[in-house]
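Presented below is the structure to which this report refers.
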Amino acid sequence: MKRILSTLVLLTMVLAATAEEDKLNVNGNNVLKISGGCSNVSLGQGNGTYSYNPDTKELILNNAKITRTGSDNNAIYCNIKGVTIRFKGNCEFNTEASGIHVKQAVTFYNEGTLTINSTGYRGIYIQNTDNSALIPNIRFHGGTWNITAKQQGIEGVKRECVYMYDDDPDHPFYMKVKGSGKGAIYDLTSLELDKLGIGYPWGAVFNETKHAVCPEGSSTIAEIVIITTLAFELGGRQWTTYNQTISGPNISGTVTYTASSKTVKLNNATVKGAFTPHLDGMTLISTQTNTLSPADGGIYCMFINKDNLTIRGSGTLNTGPIKINNSTSNTTTISGGVTVNVTSSENSISGFEGYSTYSSAYLVIDNSTLNVNVKSGVSCIPPYVSTKLIGSVVSSPANIVRLFSYNPRLSYYSQVVNNEYASFFDIDRETPHQGSLSIVPGIAYNVWVNGVQVNSKNYSNLSSALNEGGTCSYNPNTNTLTLNKAKISYEDGGHGLYPAIYNKINGLVINNTGTSEIGGDYHGIESEADFTITGNGHLKVTGTGVTYGGIKLINCNLTVNNTELTVTGGKYGIYESGQDTGKRKVILNNSYLHLTSNPDISGSMAVAVKSFDPNCQVVFPVNGIIKNGYIYEADGKTYAKKVEIEPKNGISTAIDAVVPIEESSETSIYTTSGTLVWKGKGQPQLPQGIYLIKKNGKVQKVQKN
């Protein structure tokens with residue numbers, strides 16, 4: 001008999017447990033017993049509706065207002081595993097028990113606002129009965145949550161893994177939890193926040209040992225705010241959009257955050273611990289003098305892993321190395337006149353680093369100052385951080401070359417001649433610049449000498465750009481580039497594309513004195529705007545590459561005026577390209593021109609410009625013909641590969657020779673200012689005056705009365 005009674009008791013317990021497992025109450029109503037299971041059920045006039053779908057186990061409450069009295073009367077009670085509870089509109093629970101009591105894994109979706117006021121027990125009470133795995137079994141998604149309870153705001157029994165995350169851009173996550181007993185959030189195994197942070201109070205974290213959200217040095221906390229998106233990290237802490245004034249043990253001075261503009265402002269602040277933005281389009285403002293230093297054991301002072309960070313302000317920001325996530329092509333802009341000083345004392349760390357050495361991160365300096373100082377042998381800004389200058393120029397060193405972003409997998413790179421992203425190289429174009437680099441507000445002029453762009457800081461002395469000596473300067477008032485015995489010589493090594501001089505200034509004058517020699521394997525001079533070569537010296541231009549020329553004209557005219565010019569090209573001496581090919585001219589005025597192309601290269605020509613206007617005479621080839629602007633051999637069919645042109649009036653037959661000259665001697669005659677007026681063999685006829693005669697390598701001064 002006792003065995004029968006025990007069996008009946010056990011059966012009764014199992015049946016009770018089974019019934020308990022299927023229990024889901026809303027406002028005291030078991031929703032499983034509602035006819036149809038899916039119909040909207042009114043909570044009373046003006047108090048909203050709820051519905052339940054047993055197939056999907058989804059409970060939906062719409063503008064639901066539930067008021068319950070009694071210690072056992074929860075607004076919602078759920079003991080069904082895998083239920084989804086979705087809140088729409090403005091829902092409000094006022095109870096003397098728990099607002100929500102769940103005993104199984106439940107997922108909450110909030111598409112509006114849920115307010116819970118519990119005057120007796122807990123706001124949300126979680127008793128997870130599944131101990132098989134410590135996995136996130138209670139999930140909160142999106143929306144606004146206001147939870148206030150006499151005891152704990154959210155409480156578990158130490159076996160609940162709670163997961164909260166912001167994955168609904170239309171309903172950003174915001175949760176304020178208040179508890180007057182053991183704290184706001186208590187007795188959970190874990191609390192995982194995805195794209196969320198504890199915005200209040202400062203320093204609050206989930207303590208796995210205490211199973212609660214606690215401030216430092218305390219076991220309980222009465223009120224916390226969890227808010228969408230970690231705004232940034234600073235001073236060793238993660239800050240959210242809730243925080244306005246930032247303070248802490250690693251922060252001195254004034255640091256504020258404005259959520260509406262996503263702006264962090266430093267005012268005479270010193271911060272230990274890297275700045276890391278977590279929002280796209282953030283701004284870091286520096287006023288007065290501010291200093292960022294790495295955390296203990298760290299290297300970097302900034303981790304830029306979001307798009308479009310702007311650093312600006314009227315002050316100075318001193319910082320250590322900066323690391324930019326270049327796997328997603330992020331852009332960092334330094335603007336507004338701010339001064340940023342980046343210093344790295346590490347033996348192998350650049351001022352700017354990237355997470356990838358192949359793809360590019362982007363750095364813009366806009367009317368501001370950037371000073372980078374690193375250890376010897378380390379790149380200031382490595383090539384995989386591509387830099388764009390707007391209203392800013394390199395002031396030191398004066399001979400920096402900017403090349404298109406370098407990628408070790410590419411076979412060549414070329415100098416930048418437009419306002420584009422580029423890398424900083426030394427004059428050899430092989431070595432990313434190391435040591436120190438200074439960029440300041442200034443004017444960039446559209447002319448380049450040996451890859452160095454002329455600017456308002458280096459224009460008066462460009463001699464460091466001449467890799468084999470001489471001097472060079474630029475006058476921005478007259479658009480005159482002056483060469484004096486300038487020598488530029490380079491070989492591209494099979495992977496470089498850069499002329500000795502590149503011009504985009506309309507009306508540029510290249511004024512040469514002495515003998516200057518410029519060029520290499522690529523074009524000696526390349527121009528996109530009309531320019532003039534003049535001066536009392538001899539300018540020798542080379543561009544010996546098999547597909548290039550000594551001088552390349554891109555939709556522009558060249559005037560050679562009162563000077564001597566020698567051009568030696570690979571395929572061409574002088575040639576043109578662009579949309580206006582055939583409409584442009586080479587114009588000679590009282591000048592000597594010597595043109596040579598490599599006869600071994602197929603299709604080579606001394607002049608590949610359809611409009612060649614000499615105003616001089618072709619002396620070689622003998623009986624050479626100018627037809628349609630081209631210079632041909634005497635047959636009128638073969639393009640000349642070598643051309644010699646001299647002034648038509650360079651020899652006067654009315655005056656005797658200055659001095660007897662041997663018929664076989666190669667002689668050059670100059671004015672005292674150095675202008676070549678005659679060159680050749682035989683007896684020159686020149687007006688009276690004082691001349692310099694160079695014969696057999698020696699110069700003698702002669703006067704003709």
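Chain labels A, B, ... are given in the sequence in which chains occur in the structure tokens; within each chain residues are numbered consecutively from 1, and ligands are likewise numbered from 1 in the order shown.
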
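For Tyr522 in chain A, the non-local neighbours within 8 Å, defined as residues at least 5 positions apart in the same chain or in other chains and counting only C-alpha atoms, are A:Asp492, A:Leu497, A:Tyr498, A:Pro499, A:Gly543, A:Thr544, A:Gly545, A:Tyr548, A:Gly549, A:Gly550.
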
Now that the selection is made, can you save its residues with all heavy atoms as an mmCIF file, in the first residue's frame?
```cif
data_model
loop_
_atom_site.group_PDB
_atom_site.id
_atom_site.type_symbol
_atom_site.label_atom_id
_atom_site.label_comp_id
_atom_site.auth_asym_id
_atom_site.auth_seq_id
_atom_site.Cartn_x
_atom_site.Cartn_y
_atom_site.Cartn_z
ATOM 1 N N ASP A 492 66.211 54.326 -63.290
ATOM 2 C CA ASP A 492 64.977 53.950 -62.612
ATOM 3 C C ASP A 492 65.020 52.562 -62.006
ATOM 4 O O ASP A 492 64.143 52.192 -61.237
ATOM 5 C CB ASP A 492 63.780 54.088 -63.550
ATOM 6 C CG ASP A 492 63.794 53.074 -64.687
ATOM 7 O OD1 ASP A 492 64.671 52.194 -64.691
ATOM 8 O OD2 ASP A 492 62.925 53.167 -65.565
ATOM 9 N N LEU A 497 59.103 55.739 -62.311
ATOM 10 C CA LEU A 497 58.661 56.619 -63.385
ATOM 11 C C LEU A 497 58.663 58.042 -62.856
ATOM 12 O O LEU A 497 57.774 58.415 -62.089
ATOM 13 C CB LEU A 497 57.254 56.224 -63.856
ATOM 14 C CG LEU A 497 57.095 54.798 -64.414
ATOM 15 C CD1 LEU A 497 55.635 54.501 -64.658
ATOM 16 C CD2 LEU A 497 57.895 54.632 -65.685
ATOM 17 N N TYR A 498 59.664 58.828 -63.256
ATOM 18 C CA TYR A 498 59.744 60.205 -62.778
ATOM 19 C C TYR A 498 60.707 60.986 -63.656
ATOM 20 O O TYR A 498 61.798 60.537 -63.964
ATOM 21 C CB TYR A 498 60.209 60.246 -61.323
ATOM 22 C CG TYR A 498 61.208 59.176 -60.960
ATOM 23 C CD1 TYR A 498 62.560 59.314 -61.250
ATOM 24 C CD2 TYR A 498 60.782 58.013 -60.332
ATOM 25 C CE1 TYR A 498 63.464 58.335 -60.919
ATOM 26 C CE2 TYR A 498 61.685 57.024 -60.003
ATOM 27 C CZ TYR A 498 63.029 57.186 -60.296
ATOM 28 O OH TYR A 498 63.916 56.202 -59.974
ATOM 29 N N PRO A 499 60.313 62.169 -64.110
ATOM 30 C CA PRO A 499 61.203 63.019 -64.902
ATOM 31 C C PRO A 499 62.091 63.863 -63.998
ATOM 32 O O PRO A 499 61.820 64.022 -62.807
ATOM 33 C CB PRO A 499 60.232 63.901 -65.688
ATOM 34 C CG PRO A 499 59.053 64.016 -64.778
ATOM 35 C CD PRO A 499 58.966 62.722 -64.026
ATOM 36 N N GLY A 543 66.601 61.646 -71.737
ATOM 37 C CA GLY A 543 65.536 60.715 -71.360
ATOM 38 C C GLY A 543 65.698 59.497 -72.219
ATOM 39 O O GLY A 543 65.091 59.384 -73.278
ATOM 40 N N THR A 544 66.542 58.569 -71.793
ATOM 41 C CA THR A 544 67.060 57.533 -72.682
ATOM 42 C C THR A 544 66.269 56.237 -72.663
ATOM 43 O O THR A 544 66.672 55.276 -73.302
ATOM 44 C CB THR A 544 68.515 57.228 -72.312
ATOM 45 O OG1 THR A 544 68.578 56.841 -70.931
ATOM 46 C CG2 THR A 544 69.387 58.451 -72.523
ATOM 47 N N GLY A 545 65.158 56.171 -71.925
ATOM 48 C CA GLY A 545 64.367 54.951 -71.914
ATOM 49 C C GLY A 545 63.870 54.587 -73.299
ATOM 50 O O GLY A 545 63.629 55.449 -74.148
ATOM 51 N N TYR A 548 60.697 56.364 -74.255
ATOM 52 C CA TYR A 548 60.536 57.729 -73.778
ATOM 53 C C TYR A 548 61.361 58.701 -74.608
ATOM 54 O O TYR A 548 62.063 58.333 -75.540
ATOM 55 C CB TYR A 548 60.928 57.826 -72.300
ATOM 56 C CG TYR A 548 60.251 56.802 -71.439
ATOM 57 C CD1 TYR A 548 60.981 55.926 -70.638
ATOM 58 C CD2 TYR A 548 58.863 56.692 -71.434
ATOM 59 C CE1 TYR A 548 60.348 54.977 -69.856
ATOM 60 C CE2 TYR A 548 58.223 55.746 -70.655
ATOM 61 C CZ TYR A 548 58.974 54.884 -69.871
ATOM 62 O OH TYR A 548 58.351 53.947 -69.105
ATOM 63 N N GLY A 549 61.249 59.977 -74.231
ATOM 64 C CA GLY A 549 61.984 61.012 -74.926
ATOM 65 C C GLY A 549 62.672 61.941 -73.957
ATOM 66 O O GLY A 549 62.462 61.895 -72.739
ATOM 67 N N GLY A 550 63.503 62.827 -74.498
ATOM 68 C CA GLY A 550 64.174 63.797 -73.651
ATOM 69 C C GLY A 550 63.183 64.778 -73.053
ATOM 70 O O GLY A 550 63.207 65.052 -71.856
#
```

With a cut-off of 9 Å, could you pull out the residues of range 531-615 of chain A touching range 506-516 of chain A and give me the nearest pair of atoms for each, distance in Å to one decimal, using only C-alpha atoms, ordered by chain and ascending number, as CSV?
```
residue,atom,partner,partner_atom,distance
A:Phe531,CA,A:Leu508,CA,4.7
A:Thr532,CA,A:Val509,CA,4.8
A:Ile533,CA,A:Ile510,CA,4.8
A:Thr534,CA,A:Asn511,CA,5.0
A:Gly535,CA,A:Asn512,CA,4.7
A:Asn536,CA,A:Thr513,CA,5.4
A:Gly537,CA,A:Thr513,CA,4.1
A:His538,CA,A:Thr515,CA,4.7
A:Leu539,CA,A:Ser516,CA,4.9
A:Lys540,CA,A:Ser516,CA,6.0
A:Val541,CA,A:Ser516,CA,8.4
A:Cys556,CA,A:Asn506,CA,8.9
A:Thr563,CA,A:Asn512,CA,8.4
```

Atoms to include: N, CA and C atoms. Write the selected residues as a PDB file, in the first residue's frame.
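Resulting contents of again-v9.pdb:
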```pdb
ATOM      1  N   PHE A 531      55.581  76.291 -71.484  1.00  0.00           N
ATOM      2  CA  PHE A 531      56.744  76.751 -70.742  1.00  0.00           C
ATOM      3  C   PHE A 531      57.841  77.181 -71.701  1.00  0.00           C
ATOM      4  N   THR A 532      58.823  77.887 -71.146  1.00  0.00           N
ATOM      5  CA  THR A 532      59.931  78.434 -71.930  1.00  0.00           C
ATOM      6  C   THR A 532      61.256  78.010 -71.303  1.00  0.00           C
ATOM      7  N   ILE A 533      62.198  77.650 -72.168  1.00  0.00           N
ATOM      8  CA  ILE A 533      63.578  77.404 -71.735  1.00  0.00           C
ATOM      9  C   ILE A 533      64.427  78.545 -72.261  1.00  0.00           C
ATOM     10  N   THR A 534      65.163  79.189 -71.394  1.00  0.00           N
ATOM     11  CA  THR A 534      65.978  80.341 -71.780  1.00  0.00           C
ATOM     12  C   THR A 534      67.233  80.381 -70.914  1.00  0.00           C
ATOM     13  N   GLY A 535      68.039  81.427 -71.072  1.00  0.00           N
ATOM     14  CA  GLY A 535      69.226  81.599 -70.233  1.00  0.00           C
ATOM     15  C   GLY A 535      70.493  81.603 -71.054  1.00  0.00           C
ATOM     16  N   ASN A 536      71.551  82.119 -70.450  1.00  0.00           N
ATOM     17  CA  ASN A 536      72.814  82.254 -71.177  1.00  0.00           C
ATOM     18  C   ASN A 536      73.723  81.049 -71.013  1.00  0.00           C
ATOM     19  N   GLY A 537      73.161  79.938 -70.540  1.00  0.00           N
ATOM     20  CA  GLY A 537      73.952  78.727 -70.399  1.00  0.00           C
ATOM     21  C   GLY A 537      73.576  77.682 -71.427  1.00  0.00           C
ATOM     22  N   HIS A 538      74.020  76.477 -71.156  1.00  0.00           N
ATOM     23  CA  HIS A 538      73.757  75.336 -72.032  1.00  0.00           C
ATOM     24  C   HIS A 538      73.041  74.270 -71.201  1.00  0.00           C
ATOM     25  N   LEU A 539      71.776  73.975 -71.563  1.00  0.00           N
ATOM     26  CA  LEU A 539      70.987  72.988 -70.847  1.00  0.00           C
ATOM     27  C   LEU A 539      70.971  71.688 -71.639  1.00  0.00           C
ATOM     28  N   LYS A 540      71.418  70.596 -70.971  1.00  0.00           N
ATOM     29  CA  LYS A 540      71.434  69.285 -71.600  1.00  0.00           C
ATOM     30  C   LYS A 540      70.393  68.409 -70.912  1.00  0.00           C
ATOM     31  N   VAL A 541      69.440  67.912 -71.708  1.00  0.00           N
ATOM     32  CA  VAL A 541      68.318  67.140 -71.176  1.00  0.00           C
ATOM     33  C   VAL A 541      68.351  65.752 -71.788  1.00  0.00           C
ATOM     34  N   CYS A 556      50.741  70.957 -74.635  1.00  0.00           N
ATOM     35  CA  CYS A 556      51.355  72.251 -74.341  1.00  0.00           C
ATOM     36  C   CYS A 556      52.406  72.601 -75.388  1.00  0.00           C
ATOM     37  N   THR A 563      68.990  80.744 -76.136  1.00  0.00           N
ATOM     38  CA  THR A 563      69.775  79.825 -75.315  1.00  0.00           C
ATOM     39  C   THR A 563      70.287  78.686 -76.168  1.00  0.00           C
TER      40      THR A 563
END
```

Q | Neighbour list for range 180-185 of chain A as a PyMOL selection string, cut-off 9 Å, only C-alpha atoms, skip fewer than 6 positions in-chain | A | chain A and resi 147-156+206+211-214+219-224

Q) Can you tell me, as a VMD selection string, what residues are no more than 9 Å from Val162 in chain A when counting only C-alpha atoms, ignoring any on the same chain fewer than 6 positions away? A) chain A and resid 135 to 140 188 to 193

Output C-alpha atoms for every residue in that selection, as a CSV table (one decimal), in the first residue's frame.
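Heads up, here's the output in part-v8.csv:
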```csv
chain,number,residue,atom,x,y,z
A,135,ILE,CA,26.1,29.6,-22.8
A,136,PRO,CA,24.2,32.9,-23.3
A,137,ASN,CA,20.7,31.7,-22.4
A,138,ILE,CA,19.0,35.0,-21.7
A,139,ARG,CA,19.3,37.5,-24.6
A,140,PHE,CA,18.3,41.2,-24.7
A,188,LEU,CA,24.6,36.2,-12.9
A,189,THR,CA,27.3,33.8,-14.2
A,190,SER,CA,28.2,36.2,-16.9
A,191,LEU,CA,27.1,39.4,-18.6
A,192,GLU,CA,28.3,39.9,-22.2
A,193,LEU,CA,27.8,43.3,-23.9
```

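Atom to atom, CA of Tyr421 in chain A and CA of Ile311 in chain A stand 18.2 Å apart.
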
Q. Nearest to Lys57 in chain A: which of A:Gly435, A:Gly70, A:Gly320, A:Gly82 is it, counting only C-alpha atoms?
A. A:Gly82

Q) Using the chain letters and numbers from this document, which residues of range 91-302 of chain A does DSSP assign to strand (DSSP E or B), as a ChimeraX atom specification? A) /A:91-95,100-102,106-110,113-118,124-126,136-141,144-149,154-155,161-165,174-179,185-186,190-194,196-200,205-207,212-214,223-228,230-234,237-240,245-248,251-258,263-272,275-277,283-287,289-293,302

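Closest approach to Asn94 in chain A among A:Leu284, A:Ala75, A:Val338, A:Ala259 is made by A:Ala75 (distances from only C-alpha atoms).
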
**Q.** Exercise: Cys91 in chain A partners within 10 Å, only C-alpha atoms, chain neighbours under 3 positions left out, as a list in words
**A.** Asn47, Gly48, Leu61, Asn62, Asn63, Ala64, Lys65, Ile66, Phe87, Lys88, Asn110, Gly112, Thr113, Leu114, Thr115, Ile116 and Trp145 of chain A

Please produce a file of those selected residues containing C-alpha atoms, as a compact mmCIF listing (two decimals), in the first residue's frame.
```txt
# COMPACT_ATOMS: atom_id res chain seq x y z
CA ASN A 47 -4.15 48.72 -21.98
CA GLY A 48 -2.90 47.21 -25.22
CA LEU A 61 3.05 42.60 -26.43
CA ASN A 62 1.87 45.82 -28.04
CA ASN A 63 1.46 48.97 -25.89
CA ALA A 64 0.74 46.64 -23.00
CA LYS A 65 0.12 48.12 -19.56
CA ILE A 66 -0.07 45.52 -16.77
CA PHE A 87 7.77 44.36 -27.01
CA LYS A 88 6.25 46.95 -29.32
CA ASN A 110 12.42 45.43 -27.72
CA GLY A 112 9.90 50.35 -28.31
CA THR A 113 10.07 51.09 -24.59
CA LEU A 114 9.56 48.74 -21.66
CA THR A 115 9.16 50.23 -18.17
CA ILE A 116 9.11 47.91 -15.14
CA TRP A 145 14.53 49.49 -20.91
```

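One distance worth recording is that between CA of Ser577 in chain A and CA of Asn555 in chain A, which is 6.5 Å.
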
Q. Near Val609 in chain A, within 10 Å and counting only C-alpha atoms, which residues show up once chain neighbours fewer than 4 positions away are dropped, as number ranges by chain?
A. A: 552-553, 557, 572-577, 581-586, 605, 613, 628-631

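The closest residue to Arg402 in chain A, picked from A:Ile601, A:Ile365, A:Ala295, A:Val452 and counting only C-alpha atoms, is A:Val452.
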
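If you look at CA of Ser42 in chain A and CA of Asn27 in chain A, they are 10.7 Å away from each other.
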
Q | Residue nearest Val342 in chain A - candidates A:Val264, A:Ile427, A:Val440, A:Val374, atoms counted: only C-alpha atoms | A | A:Val374

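For the residues A:Ser51, A:Asn40, A:Asn267, A:Asn458, ranking by smallest atom-to-atom distance to Ala444 in chain A using only C-alpha atoms places A:Asn458 first.
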